[in-house]
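Colleague: My file is final.cif. It has mmCIF, C-alpha atoms:
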data_model
loop_
_atom_site.label_atom_id
_atom_site.label_comp_id
_atom_site.auth_asym_id
_atom_site.auth_seq_id
_atom_site.Cartn_x
_atom_site.Cartn_y
_atom_site.Cartn_z
CA MET A 1 0.00 0.00 0.00
CA ALA A 2 1.33 3.39 -0.97
CA THR A 3 2.16 5.62 1.88
CA LYS A 4 0.87 9.16 2.16
CA SER A 5 4.34 10.52 1.41
CA SER A 6 4.63 8.44 -1.80
CA ARG A 7 1.19 9.58 -2.91
CA ASP A 8 2.16 13.18 -2.24
CA GLY A 9 5.36 12.64 -4.24
CA ARG A 10 3.50 11.27 -7.24
CA LYS A 11 1.13 14.26 -7.14
CA ALA A 12 4.05 16.66 -7.05
CA VAL A 13 5.65 14.92 -10.07
CA ALA A 14 2.32 15.05 -11.94
CA ARG A 15 1.92 18.74 -11.18
CA ALA A 16 5.47 19.43 -12.41
CA GLN A 17 4.90 17.46 -15.62
CA SER A 18 1.60 19.28 -16.21
CA SER A 19 3.35 22.62 -15.65
CA ARG A 20 6.08 21.72 -18.17
CA ARG A 21 3.45 20.65 -20.74
CA SER A 22 1.62 23.94 -20.24
CA SER A 23 4.84 25.90 -20.67
CA TRP A 24 5.62 24.07 -23.93
CA LEU A 25 2.07 24.66 -25.18
CA TRP A 26 2.32 28.37 -24.45
CA LEU A 27 5.76 28.52 -26.09
CA ALA A 28 4.44 26.75 -29.20
CA ALA A 29 1.46 29.08 -29.36
CA GLY A 30 3.80 32.06 -29.10
CA VAL A 31 5.89 30.77 -32.00
CA VAL A 32 2.76 30.27 -34.13
CA VAL A 33 1.57 33.81 -33.39
CA ALA A 34 5.00 35.41 -33.87
CA ALA A 35 5.90 33.63 -37.12
CA PRO A 36 3.54 35.62 -39.39
CA ILE A 37 4.73 38.85 -37.77
CA VAL A 38 8.36 37.94 -38.49
CA VAL A 39 7.45 37.06 -42.08
CA ILE A 40 5.62 40.37 -42.53
CA VAL A 41 8.55 42.33 -41.10
CA ILE A 42 11.06 40.50 -43.33
CA PHE A 43 8.83 40.99 -46.38
CA SER A 44 8.48 44.69 -45.59
CA ILE A 45 12.23 45.10 -45.24
CA THR A 46 13.01 43.31 -48.49
CA LYS A 47 10.33 45.20 -50.40
CA SER A 48 11.21 48.64 -49.07
CA PRO A 49 13.12 50.76 -51.61
CA ARG A 50 16.59 51.95 -50.84
CA ALA A 51 17.00 55.68 -50.41
CA GLY A 52 17.15 57.38 -53.78
CA HIS A 53 15.36 54.83 -55.97
CA THR A 54 12.43 52.44 -56.25
CA ARG A 55 12.28 48.86 -57.45
CA ASP A 56 10.03 49.56 -60.43
CA GLY A 57 8.94 53.19 -60.23
CA ILE A 58 5.28 52.35 -60.87
CA GLY A 59 3.99 53.85 -57.64
CA GLU A 60 5.69 57.19 -58.35
CA MET A 61 4.54 57.58 -61.95
CA GLN A 62 0.79 57.94 -61.60
CA SER A 63 0.85 61.73 -61.83
CA PRO A 64 0.41 63.37 -65.25
CA PRO A 65 3.36 64.87 -67.16
CA ALA A 66 4.56 68.28 -66.02
CA THR A 67 3.22 71.30 -67.89
CA VAL A 68 5.67 73.69 -66.23
CA ALA A 69 9.45 73.53 -66.06
CA VAL A 70 10.74 74.30 -62.58
CA GLY A 71 14.38 75.28 -62.46
CA ALA A 72 16.98 77.96 -62.00
CA GLU A 73 17.46 80.93 -64.27
CA PRO A 74 21.18 81.12 -65.11
CA MET A 75 22.72 82.10 -68.42
CA PRO A 76 23.71 79.29 -70.80
CA PRO A 77 25.42 76.93 -71.09
CA TRP A 78 23.47 74.83 -68.60
CA PRO A 79 25.41 71.88 -67.15
CA THR A 80 24.14 68.62 -65.72
CA PRO A 81 22.72 69.22 -62.20
CA ALA A 82 25.08 68.29 -59.38
CA ASP A 83 22.37 66.23 -57.65
CA ALA A 84 20.59 64.21 -60.34
CA SER A 85 18.25 62.49 -57.87
CA ALA A 86 17.00 65.80 -56.46
CA ALA A 87 16.44 67.19 -59.96
CA VAL A 88 14.49 64.09 -61.00
CA ALA A 89 12.40 64.26 -57.83
CA ALA A 90 11.56 67.89 -58.67
CA ALA A 91 10.11 66.58 -61.94
CA GLY A 92 7.95 64.12 -59.99
CA LEU A 93 9.74 61.11 -61.43
CA PRO A 94 11.41 58.15 -59.69
CA MET A 95 14.99 56.97 -59.79
CA LEU A 96 15.12 53.37 -61.00
CA GLY A 97 17.59 50.57 -60.45
CA SER A 98 17.61 49.96 -64.21
CA GLU A 99 16.00 51.28 -67.38
CA GLY A 100 12.36 50.39 -67.96
CA ALA A 101 11.03 48.67 -71.07
CA MET A 102 7.27 49.31 -71.18
CA GLU A 103 7.65 52.71 -72.85
CA HIS A 104 10.76 53.07 -75.00
CA ILE A 105 11.02 56.08 -77.32
CA HIS A 106 13.58 58.70 -78.35
CA ALA A 107 13.30 62.36 -79.29
CA HIS A 108 15.96 64.88 -80.22
CA LEU A 109 16.35 68.36 -78.72
CA ASP A 110 18.15 71.35 -80.23
CA VAL A 111 18.50 74.55 -78.23
CA LEU A 112 19.52 77.64 -80.21
CA VAL A 113 20.35 81.00 -78.65
CA ASP A 114 20.85 83.86 -81.10
CA GLY A 115 21.50 81.28 -83.78
CA GLU A 116 24.16 79.41 -81.79
CA PRO A 117 23.64 75.88 -80.43
CA VAL A 118 23.57 75.34 -76.66
CA PRO A 119 24.68 71.82 -75.70
CA VAL A 120 22.23 69.41 -74.10
CA PRO A 121 24.54 67.69 -71.61
CA ALA A 122 25.18 63.99 -71.22
CA GLY A 123 24.04 62.18 -68.10
CA LEU A 124 20.86 64.12 -67.36
CA GLY A 125 18.68 62.02 -65.07
CA ILE A 126 21.53 59.63 -64.19
CA ASP A 127 22.90 59.43 -60.64
CA THR A 128 26.27 57.72 -60.99
CA LYS A 129 26.97 57.82 -57.25
CA ARG A 130 23.81 55.91 -56.35
CA GLY A 131 23.72 53.80 -59.50
CA THR A 132 20.18 54.90 -60.39
CA ILE A 133 18.51 56.36 -63.46
CA SER A 134 15.38 58.31 -64.34
CA PRO A 135 12.99 56.91 -66.96
CA LEU A 136 13.73 60.20 -68.79
CA HIS A 137 17.43 60.80 -69.40
CA THR A 138 20.34 61.45 -71.77
CA HIS A 139 23.38 59.28 -72.29
CA ASP A 140 25.50 61.35 -74.65
CA GLY A 141 25.79 65.04 -75.39
CA ASN A 142 24.12 64.69 -78.79
CA GLY A 143 20.71 65.97 -77.72
CA VAL A 144 18.95 62.59 -77.88
CA ILE A 145 16.37 62.26 -75.11
CA HIS A 146 15.79 58.68 -73.97
CA VAL A 147 12.44 57.58 -72.52
CA GLU A 148 12.81 54.12 -70.98
CA SER A 149 9.95 53.72 -68.56
CA PRO A 150 8.54 50.75 -66.60
CA VAL A 151 4.99 52.00 -67.31
CA LYS A 152 3.13 53.39 -70.31
CA ARG A 153 3.10 57.14 -69.74
CA GLN A 154 3.62 60.39 -71.59
CA PHE A 155 6.61 62.61 -70.83
CA SER A 156 6.82 66.32 -71.51
CA LEU A 157 9.38 68.96 -72.34
CA GLY A 158 8.54 70.36 -68.88
CA ASP A 159 9.64 67.06 -67.29
CA PHE A 160 12.91 67.21 -69.18
CA PHE A 161 13.75 70.85 -68.49
CA THR A 162 12.92 70.35 -64.80
CA GLU A 163 15.38 67.44 -64.68
CA TRP A 164 17.85 69.78 -66.38
CA GLN A 165 16.96 72.39 -63.73
CA VAL A 166 16.44 75.07 -66.39
CA SER A 167 13.29 77.19 -66.24
CA LEU A 168 11.25 77.15 -69.46
CA SER A 169 8.12 79.17 -70.28
CA PRO A 170 6.65 81.11 -73.19
CA ASP A 171 8.74 84.09 -72.00
CA ASN A 172 12.06 82.61 -70.90
CA ILE A 173 14.69 79.90 -71.09
CA GLY A 174 16.74 80.15 -67.91
CA ALA A 175 17.90 83.77 -67.65
CA LEU A 176 17.06 84.50 -71.29
CA ARG A 177 13.88 86.57 -71.36
CA ALA A 178 11.59 87.72 -74.12
CA VAL A 179 12.60 91.39 -74.33
CA GLU A 180 13.71 93.87 -77.01
CA GLY A 181 12.36 91.80 -79.88
CA LYS A 182 13.86 88.54 -78.67
CA VAL A 183 11.34 85.74 -78.18
CA VAL A 184 11.13 82.09 -77.16
CA ARG A 185 9.88 79.81 -79.93
CA VAL A 186 9.50 76.03 -80.11
CA PHE A 187 9.29 73.91 -83.26
CA VAL A 188 8.43 70.22 -83.52
CA ASN A 189 9.57 68.61 -86.76
CA GLY A 190 9.87 72.09 -88.22
CA ALA A 191 6.33 73.18 -87.30
CA PRO A 192 5.98 76.14 -84.90
CA GLN A 193 4.18 75.38 -81.63
CA ALA A 194 1.90 77.86 -79.89
CA GLY A 195 1.34 78.14 -76.16
CA ASN A 196 3.38 76.81 -73.28
CA PRO A 197 6.51 74.96 -74.48
CA ALA A 198 6.74 72.97 -71.23
CA ALA A 199 3.43 71.24 -72.10
CA ILE A 200 4.78 69.74 -75.34
CA MET A 201 4.76 65.94 -75.14
CA LEU A 202 7.73 63.90 -76.30
CA ARG A 203 6.98 61.52 -79.16
CA ASP A 204 9.16 58.95 -80.83
CA ARG A 205 11.56 60.39 -83.44
CA ASP A 206 10.44 63.99 -82.85
CA GLU A 207 12.91 66.76 -83.59
CA ILE A 208 12.28 69.53 -81.06
CA ALA A 209 13.95 72.92 -81.47
CA VAL A 210 13.81 75.49 -78.67
CA VAL A 211 14.90 78.78 -80.18
CA TYR A 212 15.65 82.11 -78.49
CA GLY A 213 16.41 85.36 -80.24
CA VAL A 214 15.10 87.81 -82.80
CA PRO A 215 13.28 85.96 -85.61
CA ARG A 216 15.04 86.53 -88.92
CA PRO A 217 13.97 85.87 -92.52
CA GLY A 218 15.57 82.77 -93.96
CA GLU A 219 16.79 81.45 -90.63
CA THR A 220 17.47 77.74 -90.41
CA ILE A 221 15.30 75.79 -87.93
CA PRO A 222 16.19 72.11 -87.33
CA TRP A 223 13.30 69.98 -88.58
CA THR A 224 14.66 66.43 -88.58
CA TYR A 225 17.35 64.33 -86.92
CA ASP A 226 19.20 61.25 -88.13
CA PHE A 227 18.80 58.86 -85.22
CA ALA A 228 21.47 56.20 -84.81
CA GLU A 229 20.59 52.66 -85.77
CA GLY A 230 18.93 50.85 -82.89
CA LEU A 231 17.33 53.92 -81.33
#
Rewrite the structure of this file - the entire thing - as structure tokens.

Modeller:
Amino acid sequence: MATKSSRDGRKAVARAQSSRRSSWLWLAAGVVVAAPIVVIVIFSITKSPRAGHTRDGIGEMQSPPATVAVGAEPMPPWPTPADASAAVAAAGLPMLGSEGAMEHIHAHLDVLVDGEPVPVPAGLGIDTKRGTISPLHTHDGNGVIHVESPVKRQFSLGDFFTEWQVSLSPDNIGALRAVEGKVVRVFVNGAPQAGNPAAIMLRDRDEIAVVYGVPRPGETIPWTYDFAEGL
């Protein structure tokens, strides 16, 4: 016959075992509850964009093209902005990890001031320090504007001049103002354009000429451009 002390001992062992089972059950339940939270946190970290660019740019490209060109007003020539990412952000566009492929077109830009060409610099919209690129950019200094976007979207001359950080309106290009007979004119494929030049949309193979000065009879306005093979 079991003594009272042995019975008490068995009860103590049973209580201890029950306590351990309860502790394991609570621990297991905690793991089950915490696992989805850990997964969500990890997913959020891996999906969050690094500073200065997005993974695909789609979320930042829902706004319409710019119809104004926000920038400084210096005299030409106008160099590539020192901070490409800030200039692109001013245009409301994202910096991408690579060029997009959904919208892929090229236009050519000539800027003439008193009959003399002003260079369109290479590397507009490209941040070499961060390794990122705008869907609207230049590679070389030949005036070719590249649109390589991850979404179907229109881009404007206002977008481009804002990335260039040069103010553009019907009355000025940078510090050049429409005074004393000098005017700002824009031509697309040789045809004069009325209204706000910043609102002109970029189309594939367009030749765009932004011209400042006194209009003269017989002046030469660029009306076409020989794009390189593959563009």

Colleague: For the structure shown, which residues end up in the PyMOL selection byres ((chain A and resi 74-91) around 8)? Put them as an MDAnalysis selection string, please?

Modeller: chainID A and resid 52 66 70 72:73 92:95 118:127 134 159:160 162:166 174:176

Colleague: Quick one: apply the PyMOL selection byres ((chain A and resi 207-224) around 8) to the file and drop the selected residues here as a PyMOL selection string.

Modeller: chain A and resi 107-115+173+176+181-191+205-206+225-226

Colleague: When you draw a straight line from atom CA of A:Leu96 to atom CA of A:His146, how long is it in Å?

Modeller: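 So the two atoms, atom CA of A:Leu96 and atom CA of A:His146, lie 14.0 Å apart.
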
Colleague: Give me the box for stretch 78-82 of chain A as AutoDock Vina command-line options, namely the centre and edge lengths in Å to one decimal of a box along x, y and z that holds every listed atom plus 6 Å on each side.

Modeller:
--center_x 24.1 --center_y 71.6 --center_z -64.0 --size_x 14.7 --size_y 18.5 --size_z 21.2

Colleague: With distances taken over all atoms listed in the file, which residue among A:Met102, A:Ala69, A:Ala228, A:Leu202 lies nearest A:Ile145?

Modeller: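 Nearest candidate to A:Ile145 out of A:Met102, A:Ala69, A:Ala228, A:Leu202: A:Leu202.
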
Colleague: Report as a list in words the full result of the PyMOL selection byres ((chain A and resi 101) around 10) when it is applied to this structure.

Modeller: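 For this structure, the PyMOL selection byres ((chain A and resi 101) around 10) resolves to Ser98, Glu99, Gly100, Met102, Glu103, His104, Ile105, Pro135, Val147, Glu148, Ser149, Pro150, Val151 and Lys152 of chain A.
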
Colleague: Take atom CA of A:Ala199 and atom CA of A:Gly230 and report the distance between them in Å, one decimal.

Modeller: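 One can read the atom CA of A:Ala199 to atom CA of A:Gly230 distance as 27.8 Å.
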
Colleague: Measure the distance from atom CA of A:Pro64 to atom CA of A:Asn172 in Å and round it to one decimal.

Modeller: 23.2 Å
